[in-house]
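In what follows, a structure is listed as structure tokens, so that the remarks can point back to it.
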Amino acid sequence: MDTDRANPFQILALSGGGYRGLYAAKIIADIENEIDAPIGTRFDLITGTSIGGILALALALEIPAQRIVDLFVDHGEEIFKKRWSLFGYLRSPYSPEALNNLLVNDKLFGERCLGACKHPVIVPSVNYSTGAPVMFKTSHHHNFKRDHHFRIVDVAMATSAAPAFFPRHVFNNCQYVDGGLFANAPGLLGLHEAHIFFQKDNEDVRLLSVGTMSSRYTVDPSRNREGGVLDWGGGSLLKMPRRLFGLTISANEVLTDFMLRHQLGERYVHLDDDLTDERAKAVGLDKADHHAREVLLGAASERSKTFISSPAFHVLLEHSPSEPVFFHGESASK
């Protein structure tokens, strides 16, 4: 990794993936334990989508990642507890109430607003009321005047309202759905933010991306190919939107990884693990039992051990960012 730049700009990008976000949270927790400091103190910008967005918001507040690990270990099955929904026809199979109640606890976000963040952060979502993608941002640019008023819990719920899993999140008189629909791996958003709003060249940027044990959705060649429910849903109308959402975020991950490798070269580090056939049976966006925890925590421990021993770890985690400047909100520079 290039160490010649006098003032490198470092981005931490955290992917979405439902309960698989436990994998990313565990990797970050291991890194924080190794450096004995909040990881936000080593990066100039943090970006995350869906569960990665929840984690990004926590890190921007310097909430220890281990707290998010504990939340998912202790309450994952509560978050993903099925409710009556007539097989998903009348409403989503999971209620957002359990996650909302956990996030609004004072040990996590409480009633704090985005302006309370100590580090610059961007979190994508889709405004379903307008049909447009949105980026919730701290006020790290003088033009960002509104988002700092939003409750962090609302931003977290908006970015993680996964279609076919949870209902839309409504606040600010708009309905929001999961940012993974267009930016499940938000590294390119972070790179764009560095260029446009921090005025950084590609050569100055380093980016650490942490995935969620990506699983590629592929076709069974023996299956019906006519494009109906039998094809897309394997015969189940309920499974069709889930498979389409899974295909969307899977393809987005691969494309983003490809483009970032081209643009940043060795200044881009991606931490993730492919799911083998057997492990894939235990892990999923909404699988939160002890089998899923075993796979996610075990794989994350192995990946963090390898990364902590690498030269890239020492380059990235020895970085001291410039003091962040916020123009609005309670963290605004005096």
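Ordered as shown in the structure tokens, chains take letters A, B, and onward, while each chain numbers its residues from 1 and ligands are numbered from 1 in the order shown.
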
Residues of region 112-213 of chain A that approach region 14-28 of chain A to 10 Å or less, counting only C-alpha atoms: could you list each one with the shortest pair of atoms and its distance in Å to one decimal, rows by chain and increasing residue number, as a tab-separated table?
residue	atom	partner	partner_atom	distance
A:Val123	CA	A:Leu14	CA	9.9
A:Thr159	CA	A:Gly16	CA	9.2
A:Ser160	CA	A:Gly18	CA	7.9
A:Ala161	CA	A:Gly18	CA	9.8
A:Ala162	CA	A:Gly18	CA	8.3
A:Phe165	CA	A:Gly18	CA	9.5
A:Asp178	CA	A:Gly16	CA	9.1
A:Gly179	CA	A:Gly16	CA	8.5
A:Gly180	CA	A:Gly16	CA	6.4
A:Ala183	CA	A:Ser15	CA	8.5
A:Asn184	CA	A:Gly16	CA	5.3
A:Ala185	CA	A:Ser15	CA	4.6
A:Pro186	CA	A:Ser15	CA	6.5
A:Gly187	CA	A:Leu14	CA	7.8
A:Leu208	CA	A:Leu14	CA	8.6
A:Ser209	CA	A:Leu14	CA	6.0
A:Val210	CA	A:Leu14	CA	5.1
A:Gly211	CA	A:Ser15	CA	5.1
A:Thr212	CA	A:Arg20	CA	5.3
A:Met213	CA	A:Arg20	CA	6.7

Selected residues written out, all heavy atoms, as a compact mmCIF listing (two decimals), in the first residue's frame:
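part04.txt, written as the output of this step:
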# COMPACT_ATOMS: atom_id res chain seq x y z
N VAL A 123 -24.86 7.82 4.86
CA VAL A 123 -25.68 6.60 4.92
C VAL A 123 -26.75 6.68 3.84
O VAL A 123 -27.57 7.60 3.85
CB VAL A 123 -26.33 6.46 6.31
CG1 VAL A 123 -27.27 5.26 6.34
CG2 VAL A 123 -25.27 6.33 7.40
N THR A 159 -32.29 3.26 6.37
CA THR A 159 -31.31 2.58 5.52
C THR A 159 -31.45 1.06 5.57
O THR A 159 -30.98 0.37 4.69
CB THR A 159 -29.87 2.97 5.89
OG1 THR A 159 -28.97 2.47 4.89
CG2 THR A 159 -29.45 2.41 7.25
N SER A 160 -32.13 0.54 6.61
CA SER A 160 -32.19 -0.91 6.80
C SER A 160 -33.59 -1.50 6.59
O SER A 160 -33.83 -2.65 6.95
CB SER A 160 -31.69 -1.27 8.20
OG SER A 160 -32.45 -0.62 9.20
N ALA A 161 -34.51 -0.73 6.01
CA ALA A 161 -35.87 -1.21 5.77
C ALA A 161 -35.89 -2.07 4.51
O ALA A 161 -36.34 -1.64 3.44
CB ALA A 161 -36.84 -0.03 5.65
N ALA A 162 -35.40 -3.29 4.62
CA ALA A 162 -35.22 -4.17 3.46
C ALA A 162 -36.55 -4.64 2.91
O ALA A 162 -37.37 -5.21 3.65
CB ALA A 162 -34.37 -5.37 3.86
N PHE A 165 -38.72 -7.95 3.76
CA PHE A 165 -38.34 -8.37 5.10
C PHE A 165 -38.96 -7.46 6.16
O PHE A 165 -39.51 -7.95 7.15
CB PHE A 165 -36.81 -8.36 5.26
CG PHE A 165 -36.10 -9.38 4.43
CD1 PHE A 165 -35.69 -9.08 3.14
CD2 PHE A 165 -35.87 -10.66 4.92
CE1 PHE A 165 -35.04 -10.01 2.36
CE2 PHE A 165 -35.22 -11.61 4.15
CZ PHE A 165 -34.80 -11.29 2.86
N ASP A 178 -34.58 0.35 2.09
CA ASP A 178 -33.17 -0.03 2.23
C ASP A 178 -32.27 0.58 1.13
O ASP A 178 -32.54 0.45 -0.06
CB ASP A 178 -33.07 -1.55 2.17
CG ASP A 178 -31.78 -2.09 2.75
OD1 ASP A 178 -30.71 -1.68 2.28
OD2 ASP A 178 -31.86 -2.92 3.67
N GLY A 179 -31.16 1.20 1.56
CA GLY A 179 -30.19 1.76 0.63
C GLY A 179 -29.46 0.71 -0.19
O GLY A 179 -28.83 1.02 -1.20
N GLY A 180 -29.58 -0.56 0.22
CA GLY A 180 -28.94 -1.63 -0.53
C GLY A 180 -29.50 -1.81 -1.92
O GLY A 180 -28.88 -2.46 -2.77
N ALA A 183 -26.94 0.80 -3.41
CA ALA A 183 -25.55 0.95 -2.92
C ALA A 183 -25.31 0.04 -1.73
O ALA A 183 -24.94 0.51 -0.65
CB ALA A 183 -25.28 2.41 -2.55
N ASN A 184 -25.51 -1.26 -1.93
CA ASN A 184 -25.29 -2.17 -0.80
C ASN A 184 -23.83 -2.17 -0.35
O ASN A 184 -23.54 -2.32 0.84
CB ASN A 184 -25.69 -3.59 -1.16
CG ASN A 184 -25.87 -4.45 0.07
OD1 ASN A 184 -26.72 -4.17 0.91
ND2 ASN A 184 -25.06 -5.49 0.20
N ALA A 185 -22.92 -2.00 -1.29
CA ALA A 185 -21.50 -1.78 -0.96
C ALA A 185 -21.21 -0.31 -1.25
O ALA A 185 -21.11 0.09 -2.40
CB ALA A 185 -20.62 -2.68 -1.81
N PRO A 186 -21.12 0.54 -0.21
CA PRO A 186 -21.12 1.99 -0.42
C PRO A 186 -19.76 2.62 -0.66
O PRO A 186 -19.62 3.84 -0.55
CB PRO A 186 -21.74 2.51 0.88
CG PRO A 186 -21.23 1.54 1.92
CD PRO A 186 -21.19 0.20 1.23
N GLY A 187 -18.77 1.82 -1.01
CA GLY A 187 -17.43 2.38 -1.21
C GLY A 187 -17.37 3.45 -2.29
O GLY A 187 -16.66 4.45 -2.15
N LEU A 208 -10.91 1.11 3.04
CA LEU A 208 -11.09 -0.21 3.64
C LEU A 208 -12.57 -0.55 3.57
O LEU A 208 -13.42 0.15 4.11
CB LEU A 208 -10.62 -0.22 5.09
CG LEU A 208 -10.91 -1.51 5.88
CD1 LEU A 208 -10.18 -2.70 5.27
CD2 LEU A 208 -10.54 -1.35 7.36
N SER A 209 -12.89 -1.64 2.88
CA SER A 209 -14.26 -2.11 2.73
C SER A 209 -14.43 -3.40 3.52
O SER A 209 -13.60 -4.30 3.43
CB SER A 209 -14.58 -2.34 1.25
OG SER A 209 -15.80 -3.02 1.09
N VAL A 210 -15.51 -3.49 4.28
CA VAL A 210 -15.81 -4.71 5.04
C VAL A 210 -17.17 -5.23 4.60
O VAL A 210 -18.18 -4.53 4.70
CB VAL A 210 -15.80 -4.45 6.56
CG1 VAL A 210 -15.98 -5.77 7.31
CG2 VAL A 210 -14.50 -3.77 6.99
N GLY A 211 -17.18 -6.45 4.08
CA GLY A 211 -18.40 -7.06 3.58
C GLY A 211 -19.15 -7.83 4.65
O GLY A 211 -18.85 -7.74 5.85
N THR A 212 -20.13 -8.62 4.21
CA THR A 212 -20.97 -9.39 5.13
C THR A 212 -21.11 -10.84 4.67
O THR A 212 -22.19 -11.40 4.63
CB THR A 212 -22.36 -8.75 5.27
OG1 THR A 212 -22.96 -8.64 3.96
CG2 THR A 212 -22.30 -7.38 5.90
N MET A 213 -20.00 -11.44 4.31
CA MET A 213 -19.98 -12.81 3.79
C MET A 213 -20.86 -12.90 2.56
O MET A 213 -21.93 -13.52 2.55
CB MET A 213 -20.37 -13.83 4.84
CG MET A 213 -19.37 -13.93 5.98
SD MET A 213 -19.48 -15.49 6.88
CE MET A 213 -18.64 -16.61 5.75

Exercise. Out of region 68-284 of chain A, which residues get helix (DSSP H, G or I) from DSSP, as JSON, numbers by chain?
Worked result: {"A": [68, 69, 70, 71, 72, 73, 74, 75, 76, 77, 78, 79, 97, 98, 99, 100, 101, 102, 103, 114, 115, 116, 147, 148, 149, 152, 153, 154, 155, 156, 157, 158, 159, 180, 181, 182, 183, 187, 188, 189, 190, 191, 192, 193, 194, 195, 196, 202, 203, 204, 229, 230, 231, 232, 239, 240, 241, 242, 243, 244, 245, 246, 247, 248, 249, 250, 251, 252, 253, 254, 255, 256, 257, 258, 259, 260, 261, 262, 263, 264, 265, 266, 267, 277, 278, 279, 280]}

For this session: Could you jot down the CA of Ser50 (chain A) to CA of Pro124 (chain A) separation for me, Å, one decimal place?
Result: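 Calculated distance between CA of Ser50 (chain A) and CA of Pro124 (chain A) is 8.1 Å.
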
For this session: Quote the spacing between CA of Leu188 (chain A) and CA of Asp204 (chain A) in Å to one decimal place.
Result: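 Rounded to one decimal, the two atoms are 15.0 Å apart.
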
For this session: Considering only C-alpha atoms, return as an MDAnalysis selection string whatever protein or nucleic-acid residues lie within 10 Å of region 106-116 of chain A, sequence-local ones (same chain, fewer than 5 positions apart) excluded.
Result: chainID A and resid 54 57:58 60:61 63:64 67:68 71 101 121 136:140 146:156 326:332

Seminar exercise, completed: As a check of understanding: the span from CA of Val254 (chain A) to CA of Phe307 (chain A) is 20.7 Å

For this session: Select, from A:His169, A:Lys305, A:His319, A:His119, the residue with the minimum atom-to-atom distance to Glu34 (chain A), counting only C-alpha atoms.
Result: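 Counting only C-alpha atoms, the residue closest to Glu34 (chain A) is A:Lys305.
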
For this session: Select from region 65-242 of chain A everything DSSP, run on the backbone, classes as strand (DSSP E or B), then give the selection as number ranges by chain.
Result: A: 82, 94, 113, 121-127, 132-137, 151, 169-171, 174-178, 205-210

Any chance you could export the current selection's C-alpha atoms as a CSV table (one decimal), in the first residue's frame?
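The resulting result_39.csv:
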chain,number,residue,atom,x,y,z
A,82,LYS,CA,-41.6,-14.0,12.4
A,94,TYR,CA,-40.8,-9.1,10.4
A,113,CYS,CA,-29.5,13.4,16.2
A,121,VAL,CA,-20.6,9.8,7.9
A,122,ILE,CA,-22.8,9.1,4.9
A,123,VAL,CA,-25.7,6.6,4.9
A,124,PRO,CA,-27.7,5.8,1.8
A,125,SER,CA,-31.4,5.0,1.6
A,126,VAL,CA,-34.2,5.2,-1.0
A,127,ASN,CA,-37.0,7.8,-0.6
A,132,ALA,CA,-35.0,8.8,-5.6
A,133,PRO,CA,-31.9,7.7,-3.8
A,134,VAL,CA,-30.9,9.8,-0.8
A,135,MET,CA,-27.7,10.1,1.2
A,136,PHE,CA,-28.0,11.1,4.9
A,137,LYS,CA,-24.9,13.0,5.8
A,151,ARG,CA,-32.7,11.4,14.8
A,169,HIS,CA,-39.7,3.4,7.6
A,170,VAL,CA,-41.7,6.7,7.7
A,171,PHE,CA,-40.3,10.0,9.0
A,174,CYS,CA,-41.5,10.5,3.6
A,175,GLN,CA,-41.3,6.7,3.3
A,176,TYR,CA,-37.9,5.1,3.1
A,177,VAL,CA,-36.5,1.7,2.1
A,178,ASP,CA,-33.2,0.0,2.2
A,205,VAL,CA,-7.5,8.1,-1.1
A,206,ARG,CA,-7.3,4.8,0.7
A,207,LEU,CA,-10.4,2.7,1.3
A,208,LEU,CA,-11.1,-0.2,3.6
A,209,SER,CA,-14.3,-2.1,2.7
A,210,VAL,CA,-15.8,-4.7,5.0

Problem set entry | Neighbour list for Ala312 (chain A) as a ChimeraX atom specification, cut-off 12 Å, only C-alpha atoms, skip fewer than 2 positions in-chain | /A:1-3,206-208,266-271,306-310,314-319

Problem set entry | Residue contacts of Ser320 (chain A) (12 Å, only C-alpha atoms) excluding same-chain residues fewer than 6 positions away, as JSON, numbers by chain | {"A": [6, 7, 8, 9, 10, 37, 39, 40, 41, 42, 43, 44]}

Residue subset to file, keeping C-alpha atoms, as an mmCIF file, in the first residue's frame:
data_model
loop_
_atom_site.group_PDB
_atom_site.id
_atom_site.type_symbol
_atom_site.label_atom_id
_atom_site.label_comp_id
_atom_site.auth_asym_id
_atom_site.auth_seq_id
_atom_site.Cartn_x
_atom_site.Cartn_y
_atom_site.Cartn_z
ATOM 1 C CA ALA A 6 1.736 13.328 2.923
ATOM 2 C CA ASN A 7 -1.990 13.717 3.653
ATOM 3 C CA PRO A 8 -3.862 10.539 2.730
ATOM 4 C CA PHE A 9 -7.645 10.468 3.047
ATOM 5 C CA GLN A 10 -9.057 7.230 4.448
ATOM 6 C CA ALA A 37 -9.186 2.936 20.258
ATOM 7 C CA ILE A 39 -11.859 2.866 14.678
ATOM 8 C CA GLY A 40 -13.440 6.202 13.764
ATOM 9 C CA THR A 41 -10.275 7.892 14.996
ATOM 10 C CA ARG A 42 -8.375 6.291 12.097
ATOM 11 C CA PHE A 43 -10.662 7.287 9.210
ATOM 12 C CA ASP A 44 -11.606 10.590 7.601
#

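Closest approach to Ser92 (chain A) among A:Leu55, A:His291, A:Pro167, A:Glu77 is made by A:Pro167 (distances from only C-alpha atoms).
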